[in-house]
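**Student:** Before I ask anything, here is the structure I am working with.
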Amino acid sequence: MKSCLIVDDSRIIRKVARRILEDLDFEVAEAADGVEALAYCRAEMPDAILLDWVMPVMDGVTFLRQLRAEIGGDTPKVIFCTAETEPRRIREALAAGADEYMMKPFDGDILGSKLTETGLV
Amino acid sequence: MTFQPDHVEHLATILKAVSGFVLSPEKAYLIEPRLAPLARREGMASVEQVLLRLRRAPDERLIWAVAEAMSVNETTFFRDRSPFELFRDEIAPAIASRRRDRTVRVWCAGVATGQEAYSLAMLGLQMPEVKLEILGSDFSQRCLEKAQSGLYTQFEVQRGLPVRQLIEHFDKVDEMWRANARLRQAVAWKPVNLMGDLSRLGRFDVVFCRNVLTYFDEPTRRDVLEKIAGVLEPDGFLVLGAAETSMDSAAFRPAPGRRGLYARDPEFRKAA
């Protein structure tokens with residue numbers, strides 16, 4: 001069973017994403033910001049991370065840069081999941097080490113498609 | 001919503017004749033959701049009224065609009081992935097190597113809103129050794145207009161299209177995404193009804209006709225397959241949807257181990 005960490009400060013988004021991911025047979029964990037997510041990854045590196053951009057304490061891009069610098073931090077497939085839709089923001093996320101990028105709002109089809117792109121399903 | 005059976009039967013007859021679409025009784029539930037927007041556009045009070053006018057005072061424009069509205073336009077970028085990988089890795093290089101000018105001519109038949117043709121065009125831009133010519137066709141003018149505009153919603157560009165391809169080949173226009181000029185120029189569009197004469201379309205090396213035949217009845221499928229064979233080069237290929245087959249058509253033989261891929265049978269019409 002593959003594991004996915006959902007990092008989002010919105011409890012609703014985490015709930016929606018969890019339901020879709022569990023239907024796709026993922027073991028799901030949640031974090032509400034970048035600091036919490038980093039602590040989780042240091043203890044147990046997930047196979048995938050669904051990552052919001054704008055969050056309190058530590059935002060998604062800052063988290064991703066730090067994650068990629070960690071030992072083993074290059075292994076999780078990271079899919080941004082954000083309301084940011086400008087191409088320059090997408091390029092910034094990819095340059096920081098994102099594997100895929102999903103613009104909110106999303107549904108099961110879109111998340112499934114992104115997971116397929118990254119080879120997770 | 002239940003419609004008068006004779007109205008439904010009449011609609012089914014018209015659809016079959018115009019677009020080949022088979023409206024079986026168990027698909028009657030599609031009538032209301034598909035025709036309601038058309039009824040509104042036409043200023044008619046209900047779908048029943050559309051069916052009534054189709055019966056009593058049909059004009060060509062209405063018949064066409066109804067056939068367009070009833071057609072299935074479900075498609076995504078790189079739908080099912082594997083046919084595109086097969087095209088990029090095997091089919092296109094093999095055909096190009098056999099052509100003096102390395103041109104590979106592809107026809108996307110029943111392309112709906114164009115995602116399949118643009119997906120192939122994106123692959124073409126990654127294959128400098130292949131000169132790809134792509135024709136996208138559909139019987140629906142409304143679909144073709146959208147395809148030609150290259151404009152897609154955020155929802156549409158996120159189904160099947162890797163984000164790197166999105167930012168390489170599309171520009172953001174307000175809330176929509178538009179295929180850039182280079183990509184748009186890589187595809188030619190033409191209204192083509194598979195029920196009609198296809199012999200003047202030209203010749204093709206590969207025909208993508210995926211999830212189209214499935215809406216036709218068996219004699220129509222066989223007829224369309226034969227017509228497609230007639231425009232395919234002798235060493236050409238037909239790509240069908242994953243759940244479709246060439247139904248033992250004399251014109252094609254399945255490529256072993258390649259689901260949905262059919263080679264034109266070299267013996268087909270050899271004598272003709």
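Identifiers in the structure tokens: chain A, B, ... in order shown; residue index from 1 per chain; ligand index from 1 in order shown.
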Could you name the residues that touch Val57 (chain A) at 10 Å or less, counting only C-alpha atoms, but leaving out those on the same chain fewer than 3 positions away, as a list in words?
**Tutor:** Ala32, Asp33, Gly34, Val35, Glu36 and Val54 of chain A
**Student:** What does the file look like for those residues with C-alpha atoms, as a short mmCIF file (atom, residue, chain, number, x, y, z; two decimals), in the first residue's frame?
**Tutor:**
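Output (result-v3.cif):
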data_model
loop_
_atom_site.label_atom_id
_atom_site.label_comp_id
_atom_site.auth_asym_id
_atom_site.auth_seq_id
_atom_site.Cartn_x
_atom_site.Cartn_y
_atom_site.Cartn_z
CA ALA A 32 -1.67 21.43 8.54
CA ASP A 33 1.50 23.31 7.58
CA GLY A 34 5.06 22.93 6.33
CA VAL A 35 6.69 22.56 9.73
CA GLU A 36 4.35 19.78 10.75
CA VAL A 54 -0.26 29.18 1.03
#
**Student:** Among the residues of region 130-239 of chain B, find those DSSP assigns to strand (DSSP E) from the backbone and print them as an MDAnalysis selection string.
**Tutor:** chainID B and resid 131:138 151:152 170:173 176:179 187:191 204:209 232:239
**Student:** Region 9-64 of chain B: which residues are helix (DSSP H, G or I) by DSSP, as a ChimeraX atom specification?
**Tutor:** /B:9-18,25-41,47-56,60-64
**Student:** Got time to write the residues from that selection, N, CA and C atoms, as a CSV table (one decimal), in the first residue's frame?
**Tutor:**
chain,number,residue,atom,x,y,z
B,9,GLU,N,-38.8,7.4,-31.0
B,9,GLU,CA,-38.5,6.5,-32.1
B,9,GLU,C,-38.0,7.4,-33.3
B,10,HIS,N,-38.8,8.5,-33.5
B,10,HIS,CA,-38.5,9.4,-34.6
B,10,HIS,C,-37.1,10.0,-34.4
B,11,LEU,N,-36.8,10.4,-33.2
B,11,LEU,CA,-35.5,11.0,-32.9
B,11,LEU,C,-34.4,10.0,-33.2
B,12,ALA,N,-34.6,8.7,-32.8
B,12,ALA,CA,-33.6,7.7,-33.0
B,12,ALA,C,-33.4,7.5,-34.5
B,13,THR,N,-34.5,7.5,-35.3
B,13,THR,CA,-34.3,7.3,-36.7
B,13,THR,C,-33.5,8.5,-37.3
B,14,ILE,N,-33.8,9.7,-36.9
B,14,ILE,CA,-33.0,10.8,-37.4
B,14,ILE,C,-31.5,10.7,-37.0
B,15,LEU,N,-31.3,10.4,-35.8
B,15,LEU,CA,-29.9,10.3,-35.3
B,15,LEU,C,-29.1,9.3,-36.1
B,16,LYS,N,-29.7,8.2,-36.3
B,16,LYS,CA,-29.1,7.1,-37.0
B,16,LYS,C,-28.7,7.5,-38.4
B,17,ALA,N,-29.6,8.2,-39.0
B,17,ALA,CA,-29.4,8.7,-40.4
B,17,ALA,C,-28.3,9.8,-40.5
B,18,VAL,N,-28.4,10.7,-39.5
B,18,VAL,CA,-27.5,11.9,-39.6
B,18,VAL,C,-26.1,11.6,-39.1
B,25,PRO,N,-33.4,2.2,-26.6
B,25,PRO,CA,-34.4,2.6,-25.6
B,25,PRO,C,-33.8,2.8,-24.2
B,26,GLU,N,-32.8,2.0,-23.9
B,26,GLU,CA,-32.2,2.1,-22.5
B,26,GLU,C,-31.3,3.4,-22.4
B,27,LYS,N,-31.0,4.0,-23.6
B,27,LYS,CA,-30.3,5.3,-23.6
B,27,LYS,C,-31.2,6.5,-23.6
B,28,ALA,N,-32.5,6.3,-23.5
B,28,ALA,CA,-33.5,7.4,-23.7
B,28,ALA,C,-33.3,8.4,-22.5
B,29,TYR,N,-32.7,8.0,-21.4
B,29,TYR,CA,-32.5,8.9,-20.3
B,29,TYR,C,-31.5,10.1,-20.7
B,30,LEU,N,-30.8,9.9,-21.8
B,30,LEU,CA,-29.9,10.9,-22.3
B,30,LEU,C,-30.6,12.1,-23.0
B,31,ILE,N,-31.8,11.9,-23.4
B,31,ILE,CA,-32.5,12.9,-24.2
B,31,ILE,C,-32.7,14.2,-23.4
B,32,GLU,N,-33.2,14.1,-22.2
B,32,GLU,CA,-33.5,15.3,-21.5
B,32,GLU,C,-32.2,16.2,-21.2
B,33,PRO,N,-31.2,15.6,-20.6
B,33,PRO,CA,-30.0,16.4,-20.3
B,33,PRO,C,-29.3,16.9,-21.5
B,34,ARG,N,-29.3,16.2,-22.6
B,34,ARG,CA,-28.6,16.6,-23.8
B,34,ARG,C,-29.3,17.6,-24.6
B,35,LEU,N,-30.6,17.5,-24.6
B,35,LEU,CA,-31.4,18.5,-25.4
B,35,LEU,C,-31.9,19.7,-24.7
B,36,ALA,N,-31.9,19.7,-23.3
B,36,ALA,CA,-32.4,20.8,-22.6
B,36,ALA,C,-31.7,22.1,-22.9
B,37,PRO,N,-30.3,22.1,-23.0
B,37,PRO,CA,-29.6,23.3,-23.4
B,37,PRO,C,-30.0,23.8,-24.8
B,38,LEU,N,-30.2,22.9,-25.7
B,38,LEU,CA,-30.6,23.2,-27.0
B,38,LEU,C,-32.0,23.9,-27.0
B,39,ALA,N,-32.9,23.3,-26.3
B,39,ALA,CA,-34.3,23.8,-26.2
B,39,ALA,C,-34.2,25.3,-25.7
B,40,ARG,N,-33.4,25.5,-24.7
B,40,ARG,CA,-33.2,26.9,-24.2
B,40,ARG,C,-32.7,27.8,-25.2
B,41,ARG,N,-31.6,27.4,-25.9
B,41,ARG,CA,-31.0,28.2,-27.0
B,41,ARG,C,-32.0,28.5,-28.1
B,47,VAL,N,-38.0,20.1,-23.9
B,47,VAL,CA,-37.4,19.2,-24.8
B,47,VAL,C,-38.5,18.5,-25.6
B,48,GLU,N,-39.6,18.3,-24.9
B,48,GLU,CA,-40.8,17.7,-25.6
B,48,GLU,C,-41.1,18.5,-26.9
B,49,GLN,N,-41.0,19.8,-26.7
B,49,GLN,CA,-41.3,20.7,-27.8
B,49,GLN,C,-40.3,20.5,-29.0
B,50,VAL,N,-39.0,20.3,-28.6
B,50,VAL,CA,-38.0,20.1,-29.6
B,50,VAL,C,-38.4,18.8,-30.4
B,51,LEU,N,-38.7,17.8,-29.7
B,51,LEU,CA,-39.1,16.5,-30.3
B,51,LEU,C,-40.3,16.6,-31.2
B,52,LEU,N,-41.2,17.5,-30.7
B,52,LEU,CA,-42.5,17.7,-31.5
B,52,LEU,C,-42.1,18.4,-32.8
B,53,ARG,N,-41.3,19.4,-32.7
B,53,ARG,CA,-40.9,20.2,-33.9
B,53,ARG,C,-40.1,19.3,-34.9
B,54,LEU,N,-39.3,18.5,-34.3
B,54,LEU,CA,-38.5,17.5,-35.1
B,54,LEU,C,-39.5,16.6,-35.9
B,55,ARG,N,-40.6,16.3,-35.3
B,55,ARG,CA,-41.6,15.5,-35.9
B,55,ARG,C,-42.4,16.2,-37.0
B,56,ARG,N,-42.9,17.4,-36.6
B,56,ARG,CA,-43.9,18.1,-37.4
B,56,ARG,C,-43.3,19.0,-38.4
B,60,GLU,N,-33.4,21.5,-41.6
B,60,GLU,CA,-32.0,20.9,-41.6
B,60,GLU,C,-31.2,21.4,-40.4
B,61,ARG,N,-31.4,22.7,-40.1
B,61,ARG,CA,-30.6,23.3,-39.1
B,61,ARG,C,-30.9,22.6,-37.7
B,62,LEU,N,-32.2,22.5,-37.5
B,62,LEU,CA,-32.6,21.9,-36.2
B,62,LEU,C,-32.2,20.4,-36.1
B,63,ILE,N,-32.3,19.7,-37.2
B,63,ILE,CA,-31.9,18.3,-37.2
B,63,ILE,C,-30.4,18.2,-36.8
B,64,TRP,N,-29.6,19.0,-37.5
B,64,TRP,CA,-28.2,19.0,-37.3
B,64,TRP,C,-27.9,19.4,-35.8
**Student:** List the neighbours of Asp8 (chain A) out to 9 Å using only C-alpha atoms; skip same-chain residues closer than 5 positions along the sequence, and give me the result as a list in words.
**Tutor:** Ile13, Arg14, Glu30, Ala31, Ala32, Asp33, Gly34, Leu50, Leu51, Asp52, Trp53, Val54, Met55, Gly60 and Cys81 of chain A
**Student:** Export N, CA, C and O atoms of the chosen residues as an mmCIF file, in the first residue's frame?
**Tutor:**
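Saved the output as again.cif:
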data_model
loop_
_atom_site.group_PDB
_atom_site.id
_atom_site.type_symbol
_atom_site.label_atom_id
_atom_site.label_comp_id
_atom_site.auth_asym_id
_atom_site.auth_seq_id
_atom_site.Cartn_x
_atom_site.Cartn_y
_atom_site.Cartn_z
ATOM 1 N N ILE A 13 -10.335 20.548 2.661
ATOM 2 C CA ILE A 13 -9.526 20.009 1.550
ATOM 3 C C ILE A 13 -8.891 18.684 1.957
ATOM 4 O O ILE A 13 -8.877 17.719 1.189
ATOM 5 N N ARG A 14 -8.380 18.643 3.196
ATOM 6 C CA ARG A 14 -7.737 17.391 3.650
ATOM 7 C C ARG A 14 -8.741 16.241 3.634
ATOM 8 O O ARG A 14 -8.425 15.120 3.233
ATOM 9 N N GLU A 30 -1.997 13.330 7.538
ATOM 10 C CA GLU A 30 -2.295 14.740 7.296
ATOM 11 C C GLU A 30 -1.365 15.646 8.095
ATOM 12 O O GLU A 30 -0.924 15.293 9.182
ATOM 13 N N ALA A 31 -1.074 16.822 7.522
ATOM 14 C CA ALA A 31 -0.353 17.870 8.253
ATOM 15 C C ALA A 31 -0.966 19.207 7.853
ATOM 16 O O ALA A 31 -1.429 19.369 6.727
ATOM 17 N N ALA A 32 -0.969 20.165 8.793
ATOM 18 C CA ALA A 32 -1.670 21.428 8.540
ATOM 19 C C ALA A 32 -0.744 22.542 8.066
ATOM 20 O O ALA A 32 -1.205 23.610 7.672
ATOM 21 N N ASP A 33 0.569 22.303 8.095
ATOM 22 C CA ASP A 33 1.503 23.315 7.580
ATOM 23 C C ASP A 33 2.859 22.663 7.288
ATOM 24 O O ASP A 33 3.060 21.468 7.555
ATOM 25 N N GLY A 34 3.771 23.446 6.751
ATOM 26 C CA GLY A 34 5.061 22.928 6.326
ATOM 27 C C GLY A 34 5.915 22.372 7.451
ATOM 28 O O GLY A 34 6.602 21.355 7.273
ATOM 29 N N LEU A 50 0.794 15.546 -1.135
ATOM 30 C CA LEU A 50 -0.128 16.478 -1.788
ATOM 31 C C LEU A 50 0.027 17.795 -1.036
ATOM 32 O O LEU A 50 -0.256 17.861 0.162
ATOM 33 N N LEU A 51 0.497 18.827 -1.734
ATOM 34 C CA LEU A 51 1.018 19.995 -1.023
ATOM 35 C C LEU A 51 0.332 21.305 -1.396
ATOM 36 O O LEU A 51 0.353 21.721 -2.556
ATOM 37 N N ASP A 52 -0.242 21.954 -0.396
ATOM 38 C CA ASP A 52 -0.829 23.280 -0.583
ATOM 39 C C ASP A 52 0.307 24.308 -0.653
ATOM 40 O O ASP A 52 1.433 24.046 -0.213
ATOM 41 N N TRP A 53 0.024 25.463 -1.225
ATOM 42 C CA TRP A 53 1.065 26.493 -1.320
ATOM 43 C C TRP A 53 0.989 27.446 -0.111
ATOM 44 O O TRP A 53 1.904 27.531 0.684
ATOM 45 N N VAL A 54 -0.133 28.143 -0.020
ATOM 46 C CA VAL A 54 -0.263 29.177 1.026
ATOM 47 C C VAL A 54 -0.764 28.539 2.320
ATOM 48 O O VAL A 54 -1.893 28.059 2.393
ATOM 49 N N MET A 55 0.142 28.531 3.314
ATOM 50 C CA MET A 55 -0.223 27.969 4.623
ATOM 51 C C MET A 55 0.460 28.795 5.700
ATOM 52 O O MET A 55 1.506 29.404 5.447
ATOM 53 N N GLY A 60 4.163 26.063 1.245
ATOM 54 C CA GLY A 60 4.464 24.839 0.503
ATOM 55 C C GLY A 60 5.809 24.845 -0.190
ATOM 56 O O GLY A 60 6.534 23.844 -0.156
ATOM 57 N N CYS A 81 -1.044 21.256 -4.780
ATOM 58 C CA CYS A 81 -2.500 21.283 -4.833
ATOM 59 C C CYS A 81 -2.906 22.647 -4.301
ATOM 60 O O CYS A 81 -2.970 22.861 -3.095
#
**Student:** How far is it from CA of Pro105 (chain A) to CA of Lys2 (chain A), in Å with one decimal?
**Tutor:**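 Between CA of Pro105 (chain A) and CA of Lys2 (chain A) the gap is 24.0 Å.
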